[in-house]
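**Student:** mmCIF, C-alpha atoms, pLDDT in the B column; chains and numbers go by the auth columns, saved as model28.cif, coming up:
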data_model
loop_
_atom_site.group_PDB
_atom_site.id
_atom_site.type_symbol
_atom_site.label_atom_id
_atom_site.label_comp_id
_atom_site.label_asym_id
_atom_site.label_seq_id
_atom_site.Cartn_x
_atom_site.Cartn_y
_atom_site.Cartn_z
_atom_site.B_iso_or_equiv
_atom_site.auth_seq_id
_atom_site.auth_asym_id
ATOM 1 C CA MET A 1 22.957 -108.862 -69.371 43.00 1 P
ATOM 2 C CA SER A 2 21.788 -111.901 -67.489 59.00 2 P
ATOM 3 C CA GLU A 3 22.883 -110.928 -63.994 74.00 3 P
ATOM 4 C CA PHE A 4 20.143 -108.339 -63.547 83.00 4 P
ATOM 5 C CA PRO A 5 17.409 -109.226 -66.039 89.00 5 P
ATOM 6 C CA ILE A 6 14.978 -106.987 -64.211 91.00 6 P
ATOM 7 C CA PHE A 7 16.585 -103.914 -65.757 93.00 7 P
ATOM 8 C CA ASP A 8 16.284 -105.336 -69.262 92.00 8 P
ATOM 9 C CA ILE A 9 12.652 -106.307 -68.708 93.00 9 P
ATOM 10 C CA ALA A 10 11.660 -102.929 -67.287 93.00 10 P
ATOM 11 C CA GLY A 11 13.667 -101.135 -69.967 93.00 11 P
ATOM 12 C CA SER A 12 11.828 -102.975 -72.722 94.00 12 P
ATOM 13 C CA ALA A 13 8.504 -102.066 -71.102 95.00 13 P
ATOM 14 C CA LEU A 14 9.523 -98.406 -70.873 96.00 14 P
ATOM 15 C CA ASN A 15 10.378 -98.453 -74.552 95.00 15 P
ATOM 16 C CA ALA A 16 7.077 -100.075 -75.517 96.00 16 P
ATOM 17 C CA GLN A 17 4.971 -97.665 -73.457 96.00 17 P
ATOM 18 C CA SER A 18 6.903 -94.757 -74.923 96.00 18 P
ATOM 19 C CA VAL A 19 6.077 -95.948 -78.438 96.00 19 P
ATOM 20 C CA ARG A 20 2.441 -96.224 -77.359 96.00 20 P
ATOM 21 C CA LEU A 21 2.503 -92.621 -76.097 97.00 21 P
ATOM 22 C CA ASN A 22 4.037 -91.467 -79.358 96.00 22 P
ATOM 23 C CA THR A 23 1.285 -93.090 -81.396 96.00 23 P
ATOM 24 C CA VAL A 24 -1.342 -91.447 -79.182 96.00 24 P
ATOM 25 C CA ALA A 25 0.352 -88.084 -79.739 96.00 25 P
ATOM 26 C CA SER A 26 0.403 -88.716 -83.474 95.00 26 P
ATOM 27 C CA ASN A 27 -3.288 -89.632 -83.485 95.00 27 P
ATOM 28 C CA LEU A 28 -4.308 -86.570 -81.504 95.00 28 P
ATOM 29 C CA ALA A 29 -2.197 -84.251 -83.637 95.00 29 P
ATOM 30 C CA ASN A 30 -3.696 -85.579 -86.873 93.00 30 P
ATOM 31 C CA ALA A 31 -7.286 -85.856 -85.677 91.00 31 P
ATOM 32 C CA GLY A 32 -8.278 -82.723 -87.554 88.00 32 P
ATOM 33 C CA ASN A 33 -6.499 -83.423 -90.833 89.00 33 P
ATOM 34 C CA VAL A 34 -9.062 -83.801 -93.558 90.00 34 P
ATOM 35 C CA SER A 35 -8.571 -84.881 -97.118 89.00 35 P
ATOM 36 C CA GLY A 36 -10.670 -85.022 -100.247 88.00 36 P
ATOM 37 C CA ASP A 37 -9.499 -88.519 -101.042 88.00 37 P
ATOM 38 C CA PRO A 38 -10.458 -91.341 -98.635 86.00 38 P
ATOM 39 C CA ALA A 39 -7.408 -93.314 -99.669 88.00 39 P
ATOM 40 C CA THR A 40 -4.895 -90.716 -98.482 89.00 40 P
ATOM 41 C CA VAL A 41 -6.557 -89.512 -95.273 91.00 41 P
ATOM 42 C CA TYR A 42 -4.760 -90.175 -91.959 92.00 42 P
ATOM 43 C CA ARG A 43 -5.775 -93.434 -90.270 92.00 43 P
ATOM 44 C CA MET A 44 -5.598 -94.047 -86.530 94.00 44 P
ATOM 45 C CA ARG A 45 -2.454 -95.928 -85.520 93.00 45 P
ATOM 46 C CA GLU A 46 -2.087 -98.418 -82.661 94.00 46 P
ATOM 47 C CA PRO A 47 0.956 -100.406 -81.510 95.00 47 P
ATOM 48 C CA VAL A 48 0.693 -104.171 -81.115 94.00 48 P
ATOM 49 C CA PHE A 49 2.545 -105.528 -78.078 94.00 49 P
ATOM 50 C CA ALA A 50 4.085 -108.976 -77.865 93.00 50 P
ATOM 51 C CA THR A 51 6.379 -110.777 -75.442 90.00 51 P
ATOM 52 C CA PHE A 52 9.924 -111.748 -76.319 88.00 52 P
ATOM 53 C CA ALA A 53 12.340 -113.928 -74.396 85.00 53 P
ATOM 54 C CA MET A 54 15.072 -111.977 -72.631 77.00 54 P
ATOM 55 C CA ASP A 55 17.143 -114.927 -71.481 69.00 55 P
ATOM 56 C CA THR A 56 17.369 -118.184 -73.381 64.00 56 P
ATOM 57 C CA ALA A 57 18.255 -120.090 -70.209 68.00 57 P
ATOM 58 C CA ASP A 58 15.131 -119.135 -68.291 72.00 58 P
ATOM 59 C CA SER A 59 12.275 -118.854 -70.747 74.00 59 P
ATOM 60 C CA SER A 60 9.816 -117.456 -68.216 80.00 60 P
ATOM 61 C CA LEU A 61 11.532 -114.060 -68.157 86.00 61 P
ATOM 62 C CA GLU A 62 9.940 -112.142 -70.981 88.00 62 P
ATOM 63 C CA GLY A 63 10.114 -108.506 -71.947 91.00 63 P
ATOM 64 C CA VAL A 64 7.743 -106.534 -74.154 93.00 64 P
ATOM 65 C CA GLN A 65 8.297 -105.521 -77.725 93.00 65 P
ATOM 66 C CA VAL A 66 6.239 -103.511 -80.170 94.00 66 P
ATOM 67 C CA LYS A 67 5.574 -106.055 -82.880 93.00 67 P
ATOM 68 C CA SER A 68 4.093 -103.589 -85.363 94.00 68 P
ATOM 69 C CA ILE A 69 2.111 -100.388 -85.563 94.00 69 P
ATOM 70 C CA GLU A 70 -1.226 -101.165 -87.129 93.00 70 P
ATOM 71 C CA GLU A 71 -3.315 -98.647 -89.020 92.00 71 P
ATOM 72 C CA SER A 72 -7.008 -98.752 -88.337 90.00 72 P
ATOM 73 C CA GLN A 73 -9.155 -100.129 -91.152 90.00 73 P
ATOM 74 C CA ALA A 74 -12.245 -98.166 -90.095 89.00 74 P
ATOM 75 C CA GLN A 75 -13.963 -96.030 -92.698 89.00 75 P
ATOM 76 C CA PRO A 76 -13.043 -92.329 -92.551 90.00 76 P
ATOM 77 C CA VAL A 77 -15.816 -89.957 -91.520 90.00 77 P
ATOM 78 C CA LYS A 78 -17.495 -88.269 -94.461 90.00 78 P
ATOM 79 C CA ARG A 79 -18.567 -84.649 -94.047 90.00 79 P
ATOM 80 C CA TYR A 80 -20.243 -82.248 -96.406 91.00 80 P
ATOM 81 C CA GLU A 81 -18.108 -79.083 -96.628 89.00 81 P
ATOM 82 C CA PRO A 82 -18.361 -77.593 -100.131 89.00 82 P
ATOM 83 C CA ASN A 83 -16.396 -74.471 -99.145 90.00 83 P
ATOM 84 C CA ASN A 84 -13.365 -76.440 -97.980 89.00 84 P
ATOM 85 C CA PRO A 85 -10.537 -76.090 -100.536 90.00 85 P
ATOM 86 C CA LEU A 86 -9.697 -79.779 -99.984 88.00 86 P
ATOM 87 C CA ALA A 87 -13.215 -81.004 -100.781 89.00 87 P
ATOM 88 C CA ASP A 88 -13.659 -83.422 -103.646 87.00 88 P
ATOM 89 C CA SER A 89 -15.864 -82.841 -106.680 88.00 89 P
ATOM 90 C CA GLU A 90 -19.086 -83.522 -104.739 89.00 90 P
ATOM 91 C CA GLY A 91 -18.175 -81.251 -101.811 90.00 91 P
ATOM 92 C CA TYR A 92 -17.276 -83.993 -99.323 91.00 92 P
ATOM 93 C CA VAL A 93 -14.183 -84.106 -97.120 92.00 93 P
ATOM 94 C CA TYR A 94 -12.972 -87.196 -95.269 92.00 94 P
ATOM 95 C CA ALA A 95 -11.729 -86.998 -91.697 92.00 95 P
ATOM 96 C CA PRO A 96 -9.966 -89.731 -89.671 92.00 96 P
ATOM 97 C CA ASP A 97 -12.212 -91.661 -87.290 90.00 97 P
ATOM 98 C CA ILE A 98 -10.321 -90.778 -84.091 93.00 98 P
ATOM 99 C CA ASP A 99 -12.079 -90.511 -80.732 92.00 99 P
ATOM 100 C CA PRO A 100 -10.107 -88.017 -78.591 93.00 100 P
ATOM 101 C CA VAL A 101 -11.552 -89.415 -75.346 95.00 101 P
ATOM 102 C CA ALA A 102 -10.360 -92.916 -76.145 95.00 102 P
ATOM 103 C CA GLN A 103 -6.932 -91.551 -77.034 96.00 103 P
ATOM 104 C CA MET A 104 -6.719 -89.682 -73.711 96.00 104 P
ATOM 105 C CA VAL A 105 -7.642 -92.847 -71.796 96.00 105 P
ATOM 106 C CA ASN A 106 -4.954 -94.706 -73.726 95.00 106 P
ATOM 107 C CA MET A 107 -2.465 -91.987 -72.851 96.00 107 P
ATOM 108 C CA ILE A 108 -3.302 -92.160 -69.127 97.00 108 P
ATOM 109 C CA SER A 109 -2.958 -95.947 -69.130 94.00 109 P
ATOM 110 C CA ALA A 110 0.388 -95.744 -70.923 95.00 110 P
ATOM 111 C CA SER A 111 1.759 -93.132 -68.529 96.00 111 P
ATOM 112 C CA ARG A 112 0.669 -95.187 -65.487 95.00 112 P
ATOM 113 C CA ALA A 113 2.388 -98.260 -66.868 95.00 113 P
ATOM 114 C CA TYR A 114 5.484 -96.164 -67.579 96.00 114 P
ATOM 115 C CA GLN A 115 5.546 -94.890 -63.973 95.00 115 P
ATOM 116 C CA ALA A 116 5.114 -98.415 -62.625 95.00 116 P
ATOM 117 C CA ASN A 117 8.125 -99.613 -64.603 95.00 117 P
ATOM 118 C CA VAL A 118 10.239 -96.660 -63.491 96.00 118 P
ATOM 119 C CA GLU A 119 9.419 -97.501 -59.860 95.00 119 P
ATOM 120 C CA MET A 120 10.400 -101.087 -60.538 94.00 120 P
ATOM 121 C CA ILE A 121 13.796 -99.994 -61.848 95.00 121 P
ATOM 122 C CA ASN A 122 14.360 -97.780 -58.808 96.00 122 P
ATOM 123 C CA THR A 123 13.468 -100.577 -56.399 95.00 123 P
ATOM 124 C CA ALA A 124 15.683 -103.077 -58.224 94.00 124 P
ATOM 125 C CA LYS A 125 18.560 -100.606 -58.210 95.00 125 P
ATOM 126 C CA GLU A 126 18.250 -100.075 -54.442 94.00 126 P
ATOM 127 C CA LEU A 127 18.164 -103.807 -53.792 93.00 127 P
ATOM 128 C CA ALA A 128 21.204 -104.366 -55.985 92.00 128 P
ATOM 129 C CA LEU A 129 23.123 -101.615 -54.207 93.00 129 P
ATOM 130 C CA ALA A 130 22.147 -103.015 -50.811 92.00 130 P
ATOM 131 C CA THR A 131 23.343 -106.449 -51.913 89.00 131 P
ATOM 132 C CA LEU A 132 26.654 -105.030 -53.079 88.00 132 P
ATOM 133 C CA ASN A 133 27.127 -103.393 -49.676 87.00 133 P
ATOM 134 C CA LEU A 134 26.833 -106.681 -47.792 84.00 134 P
ATOM 135 C CA GLY A 135 29.202 -106.940 -44.887 76.00 135 P
ATOM 136 C CA ARG A 136 30.181 -103.289 -44.797 76.00 136 P
ATOM 137 C CA MET B 1 23.817 -124.971 -57.054 43.00 1 Q
ATOM 138 C CA VAL B 2 20.994 -124.337 -54.641 45.00 2 Q
ATOM 139 C CA ASP B 3 21.885 -125.927 -51.316 50.00 3 Q
ATOM 140 C CA ALA B 4 19.547 -125.325 -48.425 50.00 4 Q
ATOM 141 C CA SER B 5 21.986 -126.627 -45.840 54.00 5 Q
ATOM 142 C CA ASN B 6 24.654 -124.013 -46.500 64.00 6 Q
ATOM 143 C CA SER B 7 26.639 -124.163 -43.286 73.00 7 Q
ATOM 144 C CA LEU B 8 27.769 -120.562 -43.432 77.00 8 Q
ATOM 145 C CA PHE B 9 24.515 -118.687 -43.926 79.00 9 Q
ATOM 146 C CA GLY B 10 21.957 -121.387 -43.386 77.00 10 Q
ATOM 147 C CA ILE B 11 18.683 -121.108 -45.146 81.00 11 Q
ATOM 148 C CA HIS B 12 18.939 -117.403 -45.941 83.00 12 Q
ATOM 149 C CA SER B 13 21.218 -117.663 -48.945 81.00 13 Q
ATOM 150 C CA THR B 14 18.748 -120.042 -50.568 83.00 14 Q
ATOM 151 C CA ALA B 15 15.884 -117.726 -49.690 87.00 15 Q
ATOM 152 C CA LEU B 16 17.794 -114.830 -51.243 88.00 16 Q
ATOM 153 C CA GLU B 17 18.214 -116.651 -54.554 86.00 17 Q
ATOM 154 C CA LEU B 18 14.574 -117.661 -54.673 89.00 18 Q
ATOM 155 C CA GLN B 19 13.384 -114.180 -53.847 90.00 19 Q
ATOM 156 C CA GLN B 20 15.568 -112.747 -56.585 91.00 20 Q
ATOM 157 C CA ALA B 21 14.004 -115.184 -59.038 90.00 21 Q
ATOM 158 C CA ARG B 22 10.533 -114.226 -57.797 92.00 22 Q
ATOM 159 C CA LEU B 23 11.319 -110.533 -58.224 93.00 23 Q
ATOM 160 C CA ASN B 24 12.367 -111.180 -61.825 92.00 24 Q
ATOM 161 C CA LEU B 25 9.135 -113.037 -62.512 93.00 25 Q
ATOM 162 C CA LEU B 26 6.981 -110.292 -60.985 94.00 26 Q
ATOM 163 C CA ALA B 27 8.900 -107.755 -63.074 94.00 27 Q
ATOM 164 C CA THR B 28 7.975 -109.749 -66.166 93.00 28 Q
ATOM 165 C CA ASN B 29 4.320 -109.622 -65.113 94.00 29 Q
ATOM 166 C CA ILE B 30 4.339 -105.857 -64.562 94.00 30 Q
ATOM 167 C CA ALA B 31 6.201 -105.191 -67.816 94.00 31 Q
ATOM 168 C CA ASN B 32 3.656 -107.286 -69.750 93.00 32 Q
ATOM 169 C CA ALA B 33 0.583 -105.708 -68.150 91.00 33 Q
ATOM 170 C CA ASP B 34 -0.648 -104.538 -71.567 91.00 34 Q
ATOM 171 C CA THR B 35 0.404 -107.451 -73.756 92.00 35 Q
ATOM 172 C CA PRO B 36 -2.532 -109.381 -75.257 92.00 36 Q
ATOM 173 C CA HIS B 37 -2.872 -113.036 -74.228 90.00 37 Q
ATOM 174 C CA TYR B 38 -0.137 -112.829 -71.639 91.00 38 Q
ATOM 175 C CA HIS B 39 -0.695 -115.012 -68.549 90.00 39 Q
ATOM 176 C CA ALA B 40 0.706 -113.842 -65.229 91.00 40 Q
ATOM 177 C CA GLN B 41 2.985 -116.295 -63.438 90.00 41 Q
ATOM 178 C CA ASP B 42 4.371 -116.554 -59.951 90.00 42 Q
ATOM 179 C CA ILE B 43 6.663 -118.848 -57.986 88.00 43 Q
ATOM 180 C CA ASP B 44 4.923 -121.054 -55.446 84.00 44 Q
ATOM 181 C CA PHE B 45 7.309 -120.131 -52.686 75.00 45 Q
ATOM 182 C CA SER B 46 6.320 -122.489 -49.887 77.00 46 Q
ATOM 183 C CA GLN B 47 6.284 -125.580 -52.048 78.00 47 Q
ATOM 184 C CA THR B 48 9.528 -124.702 -53.788 76.00 48 Q
ATOM 185 C CA PHE B 49 11.227 -124.113 -50.469 71.00 49 Q
ATOM 186 C CA ASP B 50 9.960 -127.370 -49.002 73.00 50 Q
ATOM 187 C CA ALA B 51 11.137 -129.232 -52.068 71.00 51 Q
ATOM 188 C CA ILE B 52 14.602 -127.737 -51.825 69.00 52 Q
ATOM 189 C CA SER B 53 14.847 -128.311 -48.083 66.00 53 Q
ATOM 190 C CA ASN B 54 13.789 -131.918 -48.351 65.00 54 Q
ATOM 191 C CA LYS B 55 15.943 -132.491 -51.432 53.00 55 Q
ATOM 192 C CA ASP B 56 13.094 -134.434 -53.004 47.00 56 Q
ATOM 193 C CA SER B 57 12.716 -134.806 -56.710 47.00 57 Q
ATOM 194 C CA LEU B 58 9.959 -132.511 -57.838 53.00 58 Q
ATOM 195 C CA THR B 59 6.628 -133.936 -58.804 57.00 59 Q
ATOM 196 C CA ALA B 60 3.933 -131.809 -60.309 58.00 60 Q
ATOM 197 C CA THR B 61 0.816 -132.468 -58.285 64.00 61 Q
ATOM 198 C CA HIS B 62 -1.461 -130.089 -60.135 65.00 62 Q
ATOM 199 C CA PRO B 63 -1.961 -129.669 -63.864 57.00 63 Q
ATOM 200 C CA LEU B 64 -1.112 -126.007 -63.572 61.00 64 Q
ATOM 201 C CA HIS B 65 2.295 -126.638 -62.061 61.00 65 Q
ATOM 202 C CA ILE B 66 5.284 -126.261 -64.321 54.00 66 Q
ATOM 203 C CA THR B 67 8.660 -127.683 -63.435 51.00 67 Q
ATOM 204 C CA HIS B 68 11.764 -126.426 -65.171 44.00 68 Q
ATOM 205 C CA ALA B 69 13.888 -129.495 -65.330 41.00 69 Q
ATOM 206 C CA ASP B 70 16.706 -128.219 -67.526 36.00 70 Q
ATOM 207 C CA SER B 71 17.771 -124.936 -65.999 38.00 71 Q
ATOM 208 C CA GLY B 72 20.263 -124.646 -63.178 39.00 72 Q
ATOM 209 C CA ASN B 73 17.474 -123.560 -60.873 45.00 73 Q
ATOM 210 C CA GLY B 74 15.629 -126.774 -61.590 49.00 74 Q
ATOM 211 C CA SER B 75 13.596 -126.513 -58.439 55.00 75 Q
ATOM 212 C CA MET B 76 11.545 -123.434 -59.403 69.00 76 Q
ATOM 213 C CA ARG B 77 7.879 -124.174 -59.489 74.00 77 Q
ATOM 214 C CA HIS B 78 5.832 -121.686 -61.486 83.00 78 Q
ATOM 215 C CA VAL B 79 2.095 -121.392 -61.168 87.00 79 Q
ATOM 216 C CA TYR B 80 -0.346 -119.282 -63.160 88.00 80 Q
ATOM 217 C CA ARG B 81 -2.249 -116.536 -61.447 85.00 81 Q
ATOM 218 C CA ILE B 82 -6.045 -116.499 -61.439 85.00 82 Q
ATOM 219 C CA PRO B 83 -7.209 -113.056 -62.614 83.00 83 Q
ATOM 220 C CA GLN B 84 -9.602 -111.003 -60.525 82.00 84 Q
ATOM 221 C CA GLN B 85 -10.990 -109.002 -63.450 83.00 85 Q
ATOM 222 C CA PRO B 86 -11.714 -110.348 -66.921 80.00 86 Q
ATOM 223 C CA SER B 87 -9.945 -108.648 -69.773 85.00 87 Q
ATOM 224 C CA LEU B 88 -10.948 -108.315 -73.407 85.00 88 Q
ATOM 225 C CA ASP B 89 -7.507 -109.054 -74.803 85.00 89 Q
ATOM 226 C CA GLY B 90 -6.804 -112.225 -72.805 87.00 90 Q
ATOM 227 C CA ASN B 91 -4.294 -110.588 -70.458 89.00 91 Q
ATOM 228 C CA THR B 92 -4.462 -111.938 -66.884 89.00 92 Q
ATOM 229 C CA VAL B 93 -2.204 -109.388 -65.169 90.00 93 Q
ATOM 230 C CA ASP B 94 -3.831 -107.322 -62.404 90.00 94 Q
ATOM 231 C CA ALA B 95 -1.367 -104.425 -62.378 89.00 95 Q
ATOM 232 C CA GLU B 96 -2.204 -103.255 -58.862 90.00 96 Q
ATOM 233 C CA TYR B 97 -1.906 -106.746 -57.387 91.00 97 Q
ATOM 234 C CA GLU B 98 1.407 -107.333 -59.143 93.00 98 Q
ATOM 235 C CA GLN B 99 2.813 -104.023 -57.936 93.00 99 Q
ATOM 236 C CA ALA B 100 1.851 -104.805 -54.348 94.00 100 Q
ATOM 237 C CA ALA B 101 3.359 -108.277 -54.688 93.00 101 Q
ATOM 238 C CA PHE B 102 6.539 -106.715 -56.070 94.00 102 Q
ATOM 239 C CA ALA B 103 6.787 -104.339 -53.106 95.00 103 Q
ATOM 240 C CA ARG B 104 6.247 -107.212 -50.690 94.00 104 Q
ATOM 241 C CA ALA B 105 8.827 -109.383 -52.460 93.00 105 Q
ATOM 242 C CA ALA B 106 11.348 -106.528 -52.295 95.00 106 Q
ATOM 243 C CA LEU B 107 10.715 -106.295 -48.565 95.00 107 Q
ATOM 244 C CA HIS B 108 11.285 -110.029 -48.123 93.00 108 Q
ATOM 245 C CA TYR B 109 14.505 -109.709 -50.097 94.00 109 Q
ATOM 246 C CA ARG B 110 15.657 -106.914 -47.790 94.00 110 Q
ATOM 247 C CA THR B 111 14.812 -109.024 -44.746 93.00 111 Q
ATOM 248 C CA SER B 112 16.829 -111.999 -45.990 92.00 112 Q
ATOM 249 C CA LEU B 113 19.640 -109.626 -46.931 92.00 113 Q
ATOM 250 C CA SER B 114 19.764 -108.188 -43.415 92.00 114 Q
ATOM 251 C CA PHE B 115 19.969 -111.703 -41.930 90.00 115 Q
ATOM 252 C CA VAL B 116 22.836 -112.605 -44.234 90.00 116 Q
ATOM 253 C CA ASP B 117 24.514 -109.292 -43.468 90.00 117 Q
ATOM 254 C CA ALA B 118 24.235 -109.810 -39.700 90.00 118 Q
ATOM 255 C CA ARG B 119 25.669 -113.310 -40.045 89.00 119 Q
ATOM 256 C CA ALA B 120 28.572 -112.025 -42.139 87.00 120 Q
ATOM 257 C CA LYS B 121 29.322 -109.312 -39.591 89.00 121 Q
ATOM 258 C CA THR B 122 29.215 -111.819 -36.747 89.00 122 Q
ATOM 259 C CA LEU B 123 31.689 -114.016 -38.562 88.00 123 Q
ATOM 260 C CA LEU B 124 33.962 -111.062 -39.258 88.00 124 Q
ATOM 261 C CA THR B 125 33.880 -110.119 -35.582 91.00 125 Q
ATOM 262 C CA ALA B 126 34.740 -113.679 -34.664 91.00 126 Q
ATOM 263 C CA ILE B 127 37.674 -113.680 -37.078 91.00 127 Q
ATOM 264 C CA THR B 128 39.085 -110.264 -36.301 91.00 128 Q
ATOM 265 C CA GLY B 129 38.399 -110.382 -32.561 81.00 129 Q
#
Re-express the file's structure as structure tokens.
**Tutor:**
Amino acid sequence: MSEFPIFDIAGSALNAQSVRLNTVASNLANAGNVSGDPATVYRMREPVFATFAMDTADSSLEGVQVKSIEESQAQPVKRYEPNNPLADSEGYVYAPDIDPVAQMVNMISASRAYQANVEMINTAKELALATLNLGR
Amino acid sequence: MVDASNSLFGIHSTALELQQARLNLLATNIANADTPHYHAQDIDFSQTFDAISNKDSLTATHPLHITHADSGNGSMRHVYRIPQQPSLDGNTVDAEYEQAAFARAALHYRTSLSFVDARAKTLLTAITG
């Protein structure tokens, strides 16, 4: 809707930050999943943000979209646990290389951005309502 | 479309349109605070307003100035913001600065709105007696 592009822009940002929070939750939930095969172990996931034009008439108004969710190419952490039922023939298990502190920082940043966009929607809604009440 | 010498509401209707455009641009900045290689933009308000008031054709006097010649609001002049903190991913949005600018722009919008409202009420009083 081109009359109030601010709602579309903020809505797209809310969606993108929500996807980011979901990937953080997925990473934290799977941080302890080990596997005997380095090819099948969980890899840390991160969303890639990109702009996209909301209104073809005014190209400076751009929202956010999640272009893709990339899997980390870092090597999984190798641990020696011969008693683990998932260990491979040499007694090693592979764990995903996820730093919980970095994930928590990411989560805080995403929630702050989410709150900022919610405030923006509230402010825009109040201004629009005040404009509609002109002359009353 | 944008006429600074609107006889009914004077300069305030123009100011209202420009402030709405500025609010949209600041919203774009805040929404893209985490996008890599995004450059924050703003409307150079004083110069845009002078250009509209004087009805001059716009000339870009600085390499950073962008003029949108094709849109209906052809007099918007966008400038890029200079970031206060460097960022690893090429993003130049300072989220705190943009949020404060958004709050200030909303306040300016409210101010212009109250002027237009007062003018409308005065006219209504004049008509209805």
**Student:** For this structure, which residues satisfy the selection - the PyMOL selection byres ((chain Q) within 9 of (chain P)) - when it is evaluated on the file as given? I want them as an MDAnalysis selection string.
**Tutor:** chainID Q and resid 23:25 27:38 41 68 70:73 78 95 99 102:103 106 109:110 113:114 116:121 124
**Student:** Can you turn the PyMOL selection byres ((chain P and resi 69) around 8) into a concrete residue list for this file, as a short mmCIF file (atom, residue, chain, number, x, y, z; two decimals) with C-alpha atoms, in the coordinates of the input?
**Tutor:**
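Heads up, here's the output in result_38.cif:
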data_model
loop_
_atom_site.label_atom_id
_atom_site.label_comp_id
_atom_site.auth_asym_id
_atom_site.auth_seq_id
_atom_site.Cartn_x
_atom_site.Cartn_y
_atom_site.Cartn_z
CA ARG P 45 -2.45 -95.93 -85.52
CA GLU P 46 -2.09 -98.42 -82.66
CA PRO P 47 0.96 -100.41 -81.51
CA VAL P 48 0.69 -104.17 -81.11
CA VAL P 66 6.24 -103.51 -80.17
CA LYS P 67 5.57 -106.06 -82.88
CA SER P 68 4.09 -103.59 -85.36
CA GLU P 70 -1.23 -101.16 -87.13
CA GLU P 71 -3.32 -98.65 -89.02
#
**Student:** Report, in Å to a single decimal, how far apart CA of Asp42 in chain Q and CA of Thr92 in chain Q are.
**Tutor:** 12.1 Å
**Student:** Tell me which residues the PyMOL selection byres ((chain P and resi 24) around 12) grabs here, as a PyMOL selection string.
**Tutor:** chain P and resi 17-23+25-31+44-47+69+98-111
**Student:** Could you take the residues named above and write them with C-alpha atoms, as a PDB file, in the frame of the given file?
**Tutor:**
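Produced file out_6.pdb, reproduced below:
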ATOM      1  CA  GLN P  17       4.971 -97.665 -73.457  1.00 96.00           C
ATOM      2  CA  SER P  18       6.903 -94.757 -74.923  1.00 96.00           C
ATOM      3  CA  VAL P  19       6.077 -95.948 -78.438  1.00 96.00           C
ATOM      4  CA  ARG P  20       2.441 -96.224 -77.359  1.00 96.00           C
ATOM      5  CA  LEU P  21       2.503 -92.621 -76.097  1.00 97.00           C
ATOM      6  CA  ASN P  22       4.037 -91.467 -79.358  1.00 96.00           C
ATOM      7  CA  THR P  23       1.285 -93.090 -81.396  1.00 96.00           C
ATOM      8  CA  ALA P  25       0.352 -88.084 -79.739  1.00 96.00           C
ATOM      9  CA  SER P  26       0.403 -88.716 -83.474  1.00 95.00           C
ATOM     10  CA  ASN P  27      -3.288 -89.632 -83.485  1.00 95.00           C
ATOM     11  CA  LEU P  28      -4.308 -86.570 -81.504  1.00 95.00           C
ATOM     12  CA  ALA P  29      -2.197 -84.251 -83.637  1.00 95.00           C
ATOM     13  CA  ASN P  30      -3.696 -85.579 -86.873  1.00 93.00           C
ATOM     14  CA  ALA P  31      -7.286 -85.856 -85.677  1.00 91.00           C
ATOM     15  CA  MET P  44      -5.598 -94.047 -86.530  1.00 94.00           C
ATOM     16  CA  ARG P  45      -2.454 -95.928 -85.520  1.00 93.00           C
ATOM     17  CA  GLU P  46      -2.087 -98.418 -82.661  1.00 94.00           C
ATOM     18  CA  PRO P  47       0.956-100.406 -81.510  1.00 95.00           C
ATOM     19  CA  ILE P  69       2.111-100.388 -85.563  1.00 94.00           C
ATOM     20  CA  ILE P  98     -10.321 -90.778 -84.091  1.00 93.00           C
ATOM     21  CA  ASP P  99     -12.079 -90.511 -80.732  1.00 92.00           C
ATOM     22  CA  PRO P 100     -10.107 -88.017 -78.591  1.00 93.00           C
ATOM     23  CA  VAL P 101     -11.552 -89.415 -75.346  1.00 95.00           C
ATOM     24  CA  ALA P 102     -10.360 -92.916 -76.145  1.00 95.00           C
ATOM     25  CA  GLN P 103      -6.932 -91.551 -77.034  1.00 96.00           C
ATOM     26  CA  MET P 104      -6.719 -89.682 -73.711  1.00 96.00           C
ATOM     27  CA  VAL P 105      -7.642 -92.847 -71.796  1.00 96.00           C
ATOM     28  CA  ASN P 106      -4.954 -94.706 -73.726  1.00 95.00           C
ATOM     29  CA  MET P 107      -2.465 -91.987 -72.851  1.00 96.00           C
ATOM     30  CA  ILE P 108      -3.302 -92.160 -69.127  1.00 97.00           C
ATOM     31  CA  SER P 109      -2.958 -95.947 -69.130  1.00 94.00           C
ATOM     32  CA  ALA P 110       0.388 -95.744 -70.923  1.00 95.00           C
ATOM     33  CA  SER P 111       1.759 -93.132 -68.529  1.00 96.00           C
TER      34      SER P 111
END
**Student:** Mind pulling up the distance from CA of Ala101 in chain Q to CA of Pro86 in chain Q?
**Tutor:**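 Going from CA of Pro86 in chain Q over to CA of Ala101 in chain Q covers 19.5 Å.
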**Student:** By how many Å are CA of Asn122 in chain P and CA of Phe49 in chain Q apart?
**Tutor:**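 Atom-to-atom, CA of Asn122 in chain P and CA of Phe49 in chain Q are spaced 27.8 Å apart.
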